[in-house]
Every structure is written in C-alpha cells, then in structure tokens.
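Enquirer: Contents of structure.cif (mmCIF, C-alpha atoms and all ligand atoms) are below:
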data_input
#
loop_
_atom_site.label_atom_id
_atom_site.label_comp_id
_atom_site.auth_asym_id
_atom_site.auth_seq_id
_atom_site.Cartn_x
_atom_site.Cartn_y
_atom_site.Cartn_z
CA ILE E 1 -25.93 -127.01 56.41
CA GLU E 2 -29.69 -127.09 56.51
CA GLY E 3 -31.18 -128.35 59.76
CA ASN E 4 -27.93 -127.91 61.60
CA LYS E 5 -28.11 -124.17 61.41
CA LYS E 6 -28.98 -122.44 64.67
CA GLU E 7 -30.01 -118.79 64.66
CA SER E 8 -27.71 -116.83 66.92
CA ARG E 9 -29.42 -114.84 69.63
CA GLY E 10 -29.17 -111.19 70.55
CA ALA E 11 -27.60 -109.90 73.77
CA LEU E 12 -29.44 -108.41 76.73
CA ILE E 13 -27.36 -105.39 77.66
CA VAL E 14 -28.42 -103.17 80.55
CA LEU E 15 -27.17 -99.71 81.41
CA GLU E 16 -27.57 -98.62 84.99
CA GLY E 17 -26.62 -95.50 86.91
CA LEU E 18 -27.91 -92.54 88.84
CA ASP E 19 -30.21 -89.98 87.29
CA ARG E 20 -28.11 -87.66 85.08
CA SER E 21 -25.35 -90.25 84.64
CA GLY E 22 -25.78 -90.03 80.86
CA LYS E 23 -27.42 -93.43 80.45
CA SER E 24 -30.17 -92.44 78.09
CA SER E 25 -27.98 -90.71 75.53
CA GLN E 26 -25.36 -93.47 75.73
CA CYS E 27 -28.07 -96.06 75.15
CA SER E 28 -29.16 -94.37 71.91
CA ARG E 29 -25.59 -93.95 70.74
CA LEU E 30 -24.89 -97.60 71.43
CA VAL E 31 -27.90 -98.76 69.43
CA SER E 32 -26.79 -96.62 66.45
CA TYR E 33 -23.29 -98.04 66.71
CA LEU E 34 -24.46 -101.65 66.76
CA GLU E 35 -26.79 -101.04 63.83
CA GLY E 36 -23.85 -99.49 61.99
CA GLU E 37 -21.97 -102.73 62.60
CA GLY E 38 -24.76 -104.51 60.74
CA LEU E 39 -26.39 -105.91 63.87
CA SER E 40 -30.05 -105.89 64.78
CA ALA E 41 -30.46 -103.76 67.94
CA GLU E 42 -33.28 -101.99 69.77
CA LEU E 43 -33.41 -99.40 72.52
CA TRP E 44 -35.64 -100.33 75.47
CA ARG E 45 -36.20 -98.53 78.73
CA PHE E 46 -37.73 -99.17 82.11
CA PRO E 47 -40.00 -97.91 83.36
CA ASP E 48 -41.86 -98.31 80.06
CA ARG E 49 -44.41 -95.55 80.59
CA THR E 50 -46.54 -96.52 77.56
CA THR E 51 -48.36 -99.44 79.20
CA ASN E 52 -51.23 -99.18 81.73
CA VAL E 53 -48.87 -100.13 84.54
CA GLY E 54 -46.32 -97.67 83.13
CA GLN E 55 -48.87 -94.89 83.29
CA MET E 56 -49.44 -95.58 86.98
CA ILE E 57 -45.69 -95.43 87.52
CA SER E 58 -45.44 -92.19 85.56
CA ALA E 59 -48.21 -90.60 87.64
CA TYR E 60 -46.34 -91.61 90.79
CA LEU E 61 -43.01 -90.24 89.55
CA THR E 62 -44.53 -86.91 88.58
CA ASN E 63 -46.25 -86.69 91.98
CA ALA E 64 -49.68 -86.83 90.37
CA SER E 65 -50.41 -89.83 92.58
CA GLN E 66 -49.23 -91.19 95.92
CA LEU E 67 -48.58 -94.89 96.47
CA ASP E 68 -47.25 -97.04 99.29
CA ASP E 69 -43.51 -97.82 98.79
CA HIS E 70 -44.15 -101.57 98.46
CA THR E 71 -46.97 -101.01 95.99
CA ILE E 72 -44.90 -98.87 93.64
CA HIS E 73 -42.02 -101.33 93.94
CA LEU E 74 -44.26 -104.13 92.71
CA LEU E 75 -45.59 -101.97 89.88
CA PHE E 76 -42.06 -101.27 88.62
CA SER E 77 -41.42 -105.01 88.73
CA ALA E 78 -44.74 -105.79 87.01
CA ASN E 79 -43.72 -103.34 84.27
CA ARG E 80 -40.65 -105.49 83.61
CA TRP E 81 -42.67 -108.71 83.79
CA GLU E 82 -45.20 -107.50 81.25
CA LYS E 83 -42.38 -107.07 78.72
CA ARG E 84 -40.62 -110.36 79.51
CA SER E 85 -42.05 -112.53 76.77
CA LEU E 86 -41.51 -109.92 74.06
CA MET E 87 -37.99 -109.50 75.36
CA GLU E 88 -37.35 -113.22 75.04
CA THR E 89 -38.84 -113.35 71.55
CA LYS E 90 -36.67 -110.45 70.36
CA LEU E 91 -33.49 -111.91 71.84
CA LYS E 92 -34.16 -115.34 70.36
CA SER E 93 -34.82 -113.81 66.96
CA GLY E 94 -31.34 -112.29 67.05
CA THR E 95 -32.05 -108.73 68.17
CA THR E 96 -29.77 -107.20 70.78
CA LEU E 97 -31.61 -105.13 73.37
CA ILE E 98 -29.97 -102.10 74.93
CA VAL E 99 -31.99 -101.49 78.07
CA ASP E 100 -32.00 -98.18 79.96
CA ARG E 101 -32.48 -99.43 83.58
CA TYR E 102 -33.65 -102.84 84.77
CA SER E 103 -34.02 -104.82 88.01
CA TYR E 104 -31.01 -103.13 89.63
CA SER E 105 -32.78 -99.78 89.52
CA GLY E 106 -35.75 -101.53 91.06
CA VAL E 107 -33.73 -102.82 93.98
CA ALA E 108 -31.43 -99.79 94.42
CA PHE E 109 -34.22 -97.19 94.43
CA SER E 110 -36.60 -99.08 96.70
CA SER E 111 -33.97 -100.30 99.17
CA ALA E 112 -32.70 -96.69 99.32
CA LYS E 113 -36.11 -95.86 100.83
CA GLY E 114 -35.45 -98.41 103.56
CA LEU E 115 -37.28 -101.46 102.20
CA ASP E 116 -35.66 -104.82 102.93
CA ILE E 117 -33.25 -105.68 100.12
CA ASP E 118 -34.23 -109.35 99.87
CA TRP E 119 -37.89 -108.41 99.71
CA CYS E 120 -36.99 -105.95 96.94
CA LYS E 121 -35.13 -108.60 94.94
CA SER E 122 -37.76 -111.32 95.10
CA PRO E 123 -40.26 -110.10 92.46
CA GLU E 124 -37.33 -109.79 90.02
CA ASN E 125 -36.64 -113.55 90.24
CA GLY E 126 -37.40 -115.21 86.92
CA LEU E 127 -36.90 -112.16 84.73
CA LEU E 128 -34.28 -112.65 82.02
CA ALA E 129 -30.73 -112.23 83.28
CA PRO E 130 -28.69 -109.57 81.49
CA ASP E 131 -25.59 -110.68 79.58
CA LEU E 132 -23.94 -107.44 80.56
CA VAL E 133 -24.63 -104.71 83.09
CA ALA E 134 -22.70 -101.52 82.42
CA TYR E 135 -22.82 -99.14 85.34
CA LEU E 136 -22.24 -95.50 84.47
CA ASP E 137 -20.38 -94.41 87.54
CA ILE E 138 -20.71 -90.79 88.66
CA SER E 139 -20.85 -89.26 92.12
CA PRO E 140 -24.22 -87.82 93.12
CA ASP E 141 -22.64 -84.37 93.44
CA LYS E 142 -21.21 -84.45 89.93
CA ALA E 143 -24.50 -85.77 88.54
CA ALA E 144 -26.37 -82.93 90.24
CA GLU E 145 -24.02 -80.38 88.63
CA ARG E 146 -24.99 -81.61 85.17
CA GLY E 147 -27.70 -79.15 84.30
CA GLY E 148 -29.67 -80.05 87.36
CA TYR E 149 -32.41 -82.57 87.95
CA GLY E 150 -35.97 -82.43 86.72
CA ASP E 151 -39.01 -82.25 88.97
CA GLU E 152 -39.60 -85.96 89.37
CA ARG E 153 -39.94 -87.61 92.74
CA TYR E 154 -36.46 -89.17 93.04
CA GLU E 155 -34.45 -86.36 91.45
CA LYS E 156 -33.05 -84.91 94.65
CA LEU E 157 -29.41 -84.96 95.73
CA GLU E 158 -30.02 -86.44 99.16
CA PHE E 159 -32.01 -89.35 97.77
CA GLN E 160 -29.57 -89.97 94.90
CA GLN E 161 -26.80 -90.27 97.51
CA LYS E 162 -28.73 -93.09 99.15
CA VAL E 163 -29.38 -94.74 95.78
CA ALA E 164 -25.63 -94.60 94.99
CA GLU E 165 -24.89 -96.47 98.25
CA HIS E 166 -27.45 -99.13 97.44
CA TYR E 167 -26.21 -99.60 93.87
CA LYS E 168 -22.76 -100.32 95.36
CA VAL E 169 -24.13 -103.30 97.26
CA LEU E 170 -25.49 -104.73 94.00
CA HIS E 171 -22.26 -104.60 91.96
CA ASP E 172 -20.94 -108.08 91.24
CA THR E 173 -18.26 -109.48 88.92
CA SER E 174 -20.64 -109.47 85.95
CA TRP E 175 -20.86 -105.67 86.08
CA LYS E 176 -18.61 -103.41 84.09
CA ILE E 177 -18.05 -100.11 85.81
CA VAL E 178 -17.64 -97.27 83.34
CA ASP E 179 -16.38 -93.90 84.54
CA ALA E 180 -19.21 -91.59 83.47
CA CYS E 181 -17.11 -88.48 84.14
CA GLN E 182 -14.86 -89.14 81.15
CA PRO E 183 -15.53 -87.16 77.99
CA ILE E 184 -18.75 -88.41 76.40
CA GLU E 185 -16.89 -89.89 73.40
CA ASP E 186 -14.65 -91.93 75.70
CA VAL E 187 -17.63 -93.33 77.58
CA GLU E 188 -19.19 -94.12 74.20
CA LYS E 189 -16.05 -95.91 72.95
CA GLN E 190 -15.73 -98.00 76.09
CA LEU E 191 -19.38 -99.04 75.91
CA GLN E 192 -18.98 -99.97 72.23
CA GLU E 193 -16.09 -102.30 73.06
CA ILE E 194 -17.74 -104.12 75.94
CA ALA E 195 -21.09 -104.35 74.15
CA LEU E 196 -19.59 -105.76 70.97
CA ALA E 197 -17.63 -108.38 72.94
CA CYS E 198 -20.85 -109.33 74.70
CA VAL E 199 -22.84 -109.60 71.45
CA LYS E 200 -20.14 -111.90 70.04
CA GLN E 201 -20.32 -114.20 73.07
CA CYS E 202 -24.08 -114.46 72.63
CA GLN E 203 -23.70 -115.18 68.91
CA GLN E 204 -21.29 -117.97 69.81
CA GLY E 205 -23.96 -119.69 71.86
CA LYS E 206 -23.82 -118.29 75.39
CA PRO E 207 -27.18 -119.45 76.81
CA LEU E 208 -29.94 -117.07 77.81
CA SER E 209 -30.82 -117.46 81.48
CA SER E 210 -33.38 -116.29 84.02
P1 LIG R 1 -36.05 -92.67 84.10
O1 LIG R 1 -37.23 -92.72 83.19
O2 LIG R 1 -34.93 -93.61 83.68
O3 LIG R 1 -35.58 -91.27 84.41
O4 LIG R 1 -36.55 -93.31 85.49
C1 LIG R 1 -37.51 -92.64 86.24
C2 LIG R 1 -37.16 -92.66 87.69
O5 LIG R 1 -37.61 -93.88 88.30
C3 LIG R 1 -35.69 -92.54 88.02
O6 LIG R 1 -35.54 -91.64 89.12
C4 LIG R 1 -35.30 -93.93 88.41
C5 LIG R 1 -36.54 -94.51 89.00
N1 LIG R 1 -36.67 -95.94 88.77
C6 LIG R 1 -36.43 -96.61 87.63
N2 LIG R 1 -36.73 -97.90 87.75
C7 LIG R 1 -37.16 -98.06 89.02
C8 LIG R 1 -37.64 -99.18 89.76
O7 LIG R 1 -37.73 -100.31 89.28
N3 LIG R 1 -38.01 -98.94 91.05
C9 LIG R 1 -37.95 -97.70 91.62
N4 LIG R 1 -38.34 -97.58 92.86
N5 LIG R 1 -37.51 -96.63 90.94
C10 LIG R 1 -37.12 -96.81 89.67
NA NA R 2 -35.13 -89.44 85.63
NA NA R 3 -32.79 -92.02 82.08
#
Once you've parsed the file, please lay out its structure as structure tokens.
Ligand code: DGP
Ligand code: NA
Ligand code: NA
Expert:
Amino acid sequence: IEGNKKESRGALIVLEGLDRSGKSSQCSRLVSYLEGEGLSAELWRFPDRTTNVGQMISAYLTNASQLDDHTIHLLFSANRWEKRSLMETKLKSGTTLIVDRYSYSGVAFSSAKGLDIDWCKSPENGLLAPDLVAYLDISPDKAAERGGYGDERYEKLEFQQKVAEHYKVLHDTSWKIVDACQPIEDVEKQLQEIALACVKQCQQGKPLSS
C-alpha cells in the first residue's frame, strides 16, 4: 500500500581474520551467492587503496614510506570514515555490503604493535556498526603454511601471532567464528547460511546503528 511501503535495507557484513585466512576469496564468493539469490550485494574492502588516504596507506604497507604508528592508525580509520556516507546510502538503498576487513582489523593490528587498545578504538566510534562479523579462524602457523605471505609490512609470522591474540580480545557475542581450516566449500556454505539469515533480519527492519 502506497505510502506505507518502506524500502528494506541491506546488511553490513564484515569478514575479519588474519592475513591468508581466505577472507578475500570468501568475500567474492559470498557476493556472487547473494546476487544469485536475487539480492543486491557489493564487495567492499578496507583499506580502500584507491583514495588519496588509501594511497598513503598502500605506500606504508609496501614499505615505500615510514609513518609513526599512531599516524598510520588514524589514516586507516580516516579511510573508513571517508567511505561512511556512501556506505550508509548503499545500505539504505537496499544493497548488502560484504566488507573485507573493518574496524576490528584497525584495532587488532595497531594494538598488536603495543598501542593502547582504548586509544585504538576511539576513532572508530561513530562508524556504522556491522550487522554481522564473521571471523575466519585459523592459527598463524596454518595461515603461514598457505602458500606463504607476500612482502607487505605485516605479513610476518611473529607479528600475525600478536594480531591473533589481539583479535581474541575483540570477539564478542555478535561475532560468528568460522573455522577457516575446513574445506573451502564448507567455509563458503557456512558463510552463506549466516549471511542470508543476517540479510533477512535487516529486511525485516533491524535498525542500522553506529
Ligand atoms: P589487506 O589489503 O586486507 O591484505 O590488508 C593489508 C594489510 O593491512 C593487512 O596486513 C592487514 C592490515 N590492516 C588492515 N586494516 C588495518 C587497519 O585498520 N589498521 C592497521 N594497522 N592495519 C590494518
Ligand atoms: Na595482506
Ligand atoms: Na585480504
């Protein structure tokens, strides 16, 4: 009935995990699946290296530039802030966003360097809250065995071990922990189920929050 009709919103679904946990390929598979279900879905990732801020982050990660730990932390956060309004527009227009890393990476990676965790969390306050955080759980040793890391700054076993510890502190009841050591199709199936359930909740009016 005209005038009473409310557009249903999309879901904000975040995948988190260590480097080499399989996040990126699972994110693309999940988007294809949701589209196949007739839903509007987009793949997003942070850092988004295409913006000016993202290019500074990329230079830091590839060791082309050096930055103070606090400075790079704030740049990662700024990179999420610069996409916030587009994110909100997309979600409100009914598009589900599958996001490869978000604030939890921000806090886990920087606190793993020894920065105060509350200081790390504060610039994330006010960003949109995910409807679902799926954590692809893999031990740092197993992740390292997967065809090895690249050459980027954080892709070292010792540091990934610290990141794993700091991710653990961030898990809360809203997270779904997915065993990333299962066969890839099983991980995919599990993500499809939890993502679809989440999209339905959002369609039924679950409010978007900050
Ligand atoms: P990726 O493009 O997903 O491989 O991420 C690049 C690297 O940056 C990866 O090692 C994870 C790390 N990273 C991602 N987001 C953040 C963040 O917000 N803060 C920090 N310090 N590191 C991050
Ligand atoms: Na990486
Ligand atoms: Na990735």
Enquirer: Using all atoms listed in the file, can you tell me which of E:Val199, E:Val169, E:Leu136, E:Leu157 comes closest to E:Cys181?
Expert: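 The answer is E:Leu136, which sits nearest to E:Cys181.
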Enquirer: Nearest residue to E:Cys120 out of E:Trp81, E:Tyr149, E:Phe76, E:Tyr154, using all atoms listed in the file?
Expert: E:Phe76
Enquirer: May I have the residues within 8 Å of ligand NA 3 (chain R), computed using all atoms listed in the file, as an MDAnalysis selection string?
Expert: chainID E and resid 19:20 22:24 100:101
Enquirer: Would you export the selected residues with C-alpha atoms as a short mmCIF file (atom, residue, chain, number, x, y, z; two decimals), keeping the file's coordinate frame, please?
Expert:
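Okay, again_1.cif is ready:
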data_model
loop_
_atom_site.label_atom_id
_atom_site.label_comp_id
_atom_site.auth_asym_id
_atom_site.auth_seq_id
_atom_site.Cartn_x
_atom_site.Cartn_y
_atom_site.Cartn_z
CA ASP E 19 -30.21 -89.98 87.29
CA ARG E 20 -28.11 -87.66 85.08
CA GLY E 22 -25.78 -90.03 80.86
CA LYS E 23 -27.42 -93.43 80.45
CA SER E 24 -30.17 -92.44 78.09
CA ASP E 100 -32.00 -98.18 79.96
CA ARG E 101 -32.48 -99.43 83.58
#
Enquirer: Pick the closest to ligand NA 2 (chain R) from E:Ala129, E:Val53, E:Ala64, E:Ala144: which is it, counting all atoms listed in the file?
Expert: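 The closest residue to ligand NA 2 (chain R) is E:Ala144.
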Enquirer: Ranking E:Ser58, E:Ser103, E:Thr89, E:Asn125 by minimum distance to ligand NA 2 (chain R) and counting only C-alpha atoms and all ligand atoms, which one comes first?
Expert: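 Going through E:Ser58, E:Ser103, E:Thr89, E:Asn125 one by one, the smallest distance to ligand NA 2 (chain R) is for E:Ser58.
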Enquirer: Find, counting all atoms listed in the file, the residue in E:Val31, E:Ala197, E:Leu61, E:Leu132 that gets nearest to ligand NA 2 (chain R).
Expert: E:Leu61
Enquirer: Around all the atoms of stretch 30-44 of chain E listed in the file, draw an axis-aligned box and extend it by 4 Å on each of the six sides; I want its centre and edge lengths in Å to one decimal, as JSON.
Expert:
{"center_x": -28.8, "center_y": -101.3, "center_z": 68.1, "size_x": 21.7, "size_y": 17.3, "size_z": 22.7}
Enquirer: With distances taken over only C-alpha atoms, which of E:Thr96, E:Glu124, E:His73, E:Glu188 is nearest to E:Gln201?
Expert: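 The closest residue to E:Gln201 is E:Thr96.
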Enquirer: Can you list, as a PyMOL selection string, every protein, DNA or RNA residue that comes within 9 Å of E:Arg9 when you count only C-alpha atoms, leaving out same-chain residues fewer than 5 positions away?
Expert: chain E and resi 90-96+199+202-208
Enquirer: Kindly save the residues from that selection, with C-alpha atoms included, as a CSV table (one decimal), in the frame of the given file.
Expert:
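File again_18.csv, as written:
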chain,number,residue,atom,x,y,z
E,90,LYS,CA,-36.7,-110.4,70.4
E,91,LEU,CA,-33.5,-111.9,71.8
E,92,LYS,CA,-34.2,-115.3,70.4
E,93,SER,CA,-34.8,-113.8,67.0
E,94,GLY,CA,-31.3,-112.3,67.0
E,95,THR,CA,-32.0,-108.7,68.2
E,96,THR,CA,-29.8,-107.2,70.8
E,199,VAL,CA,-22.8,-109.6,71.4
E,202,CYS,CA,-24.1,-114.5,72.6
E,203,GLN,CA,-23.7,-115.2,68.9
E,204,GLN,CA,-21.3,-118.0,69.8
E,205,GLY,CA,-24.0,-119.7,71.9
E,206,LYS,CA,-23.8,-118.3,75.4
E,207,PRO,CA,-27.2,-119.4,76.8
E,208,LEU,CA,-29.9,-117.1,77.8
Enquirer: Report, in Å with one decimal, the straight-line distance from atom CA of E:Arg84 to atom CA of E:Met56.
Expert: 18.8 Å
Enquirer: Could you please determine the separation between atom CA of E:Tyr60 and atom CA of E:Pro140 in Å, to one decimal place?
Expert: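 A separation of 22.6 Å between them.
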Enquirer: Rounded to one decimal, what separation in Å do you get between atom CA of E:Pro47 and atom CA of E:Lys200?
Expert: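 Atom CA of E:Pro47 sits 27.7 Å away from atom CA of E:Lys200.
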Enquirer: I'd like the contact shell of E:Gln192 - 9 Å cut-off, only C-alpha atoms, skipping same-chain residues fewer than 3 positions apart - returned as an MDAnalysis selection string.
Expert: chainID E and resid 30 33:34 187:189 195:197
Enquirer: Is there a way to complete stretch 148-171 of chain E with N, CA, C and O atoms and then write that out as a short mmCIF file (atom, residue, chain, number, x, y, z; two decimals), in the frame of the given file?
Expert:
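And here is the file that came out, selection_8.cif:
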data_model
loop_
_atom_site.label_atom_id
_atom_site.label_comp_id
_atom_site.auth_asym_id
_atom_site.auth_seq_id
_atom_site.Cartn_x
_atom_site.Cartn_y
_atom_site.Cartn_z
N GLY E 148 -28.61 -79.93 86.37
CA GLY E 148 -29.67 -80.05 87.36
C GLY E 148 -30.64 -81.19 87.09
O GLY E 148 -30.68 -81.76 86.01
N TYR E 149 -31.40 -81.53 88.07
CA TYR E 149 -32.41 -82.57 87.95
C TYR E 149 -33.71 -81.98 87.45
O TYR E 149 -33.91 -80.77 87.46
N GLY E 150 -34.61 -82.86 87.04
CA GLY E 150 -35.97 -82.43 86.72
C GLY E 150 -36.80 -82.35 87.99
O GLY E 150 -36.25 -82.28 89.09
N ASP E 151 -38.11 -82.41 87.82
CA ASP E 151 -39.01 -82.25 88.97
C ASP E 151 -39.53 -83.58 89.50
O ASP E 151 -40.43 -83.59 90.33
N GLU E 152 -39.01 -84.70 88.95
CA GLU E 152 -39.60 -85.96 89.37
C GLU E 152 -39.18 -86.35 90.79
O GLU E 152 -38.21 -85.85 91.34
N ARG E 153 -40.01 -87.22 91.34
CA ARG E 153 -39.94 -87.61 92.74
C ARG E 153 -38.54 -87.93 93.27
O ARG E 153 -38.18 -87.51 94.34
N TYR E 154 -37.75 -88.70 92.50
CA TYR E 154 -36.46 -89.17 93.04
C TYR E 154 -35.30 -88.25 92.71
O TYR E 154 -34.17 -88.52 93.10
N GLU E 155 -35.55 -87.18 91.95
CA GLU E 155 -34.45 -86.36 91.45
C GLU E 155 -34.03 -85.30 92.46
O GLU E 155 -34.19 -84.10 92.22
N LYS E 156 -33.52 -85.79 93.59
CA LYS E 156 -33.05 -84.91 94.65
C LYS E 156 -31.72 -85.44 95.13
O LYS E 156 -31.55 -86.66 95.30
N LEU E 157 -30.76 -84.55 95.38
CA LEU E 157 -29.41 -84.96 95.73
C LEU E 157 -29.35 -85.94 96.90
O LEU E 157 -28.70 -86.97 96.83
N GLU E 158 -30.08 -85.61 97.96
CA GLU E 158 -30.02 -86.44 99.16
C GLU E 158 -30.47 -87.89 98.88
O GLU E 158 -29.87 -88.84 99.36
N PHE E 159 -31.53 -88.01 98.09
CA PHE E 159 -32.01 -89.35 97.77
C PHE E 159 -31.05 -90.08 96.82
O PHE E 159 -30.78 -91.27 96.98
N GLN E 160 -30.51 -89.35 95.84
CA GLN E 160 -29.57 -89.97 94.90
C GLN E 160 -28.32 -90.48 95.63
O GLN E 160 -27.72 -91.47 95.24
N GLN E 161 -27.93 -89.79 96.71
CA GLN E 161 -26.80 -90.27 97.51
C GLN E 161 -27.10 -91.64 98.12
O GLN E 161 -26.27 -92.53 98.13
N LYS E 162 -28.33 -91.79 98.59
CA LYS E 162 -28.73 -93.09 99.15
C LYS E 162 -28.78 -94.15 98.05
O LYS E 162 -28.36 -95.29 98.26
N VAL E 163 -29.30 -93.78 96.88
CA VAL E 163 -29.38 -94.74 95.78
C VAL E 163 -27.97 -95.20 95.40
O VAL E 163 -27.73 -96.41 95.19
N ALA E 164 -27.02 -94.27 95.35
CA ALA E 164 -25.63 -94.60 94.99
C ALA E 164 -25.08 -95.66 95.95
O ALA E 164 -24.45 -96.63 95.53
N GLU E 165 -25.35 -95.49 97.24
CA GLU E 165 -24.89 -96.47 98.25
C GLU E 165 -25.50 -97.84 97.99
O GLU E 165 -24.84 -98.86 98.14
N HIS E 166 -26.77 -97.84 97.63
CA HIS E 166 -27.45 -99.13 97.44
C HIS E 166 -27.06 -99.79 96.13
O HIS E 166 -27.04 -101.01 96.04
N TYR E 167 -26.74 -99.01 95.11
CA TYR E 167 -26.21 -99.60 93.87
C TYR E 167 -24.91 -100.33 94.18
O TYR E 167 -24.65 -101.40 93.64
N LYS E 168 -24.08 -99.72 95.05
CA LYS E 168 -22.76 -100.32 95.36
C LYS E 168 -22.88 -101.73 95.90
O LYS E 168 -22.08 -102.59 95.57
N VAL E 169 -23.91 -101.97 96.69
CA VAL E 169 -24.13 -103.30 97.26
C VAL E 169 -24.48 -104.31 96.16
O VAL E 169 -24.27 -105.52 96.33
N LEU E 170 -25.02 -103.82 95.05
CA LEU E 170 -25.49 -104.73 94.00
C LEU E 170 -24.41 -105.10 92.98
O LEU E 170 -24.56 -106.08 92.26
N HIS E 171 -23.33 -104.30 92.92
CA HIS E 171 -22.26 -104.60 91.96
C HIS E 171 -21.76 -106.02 92.18
O HIS E 171 -21.46 -106.40 93.29
#
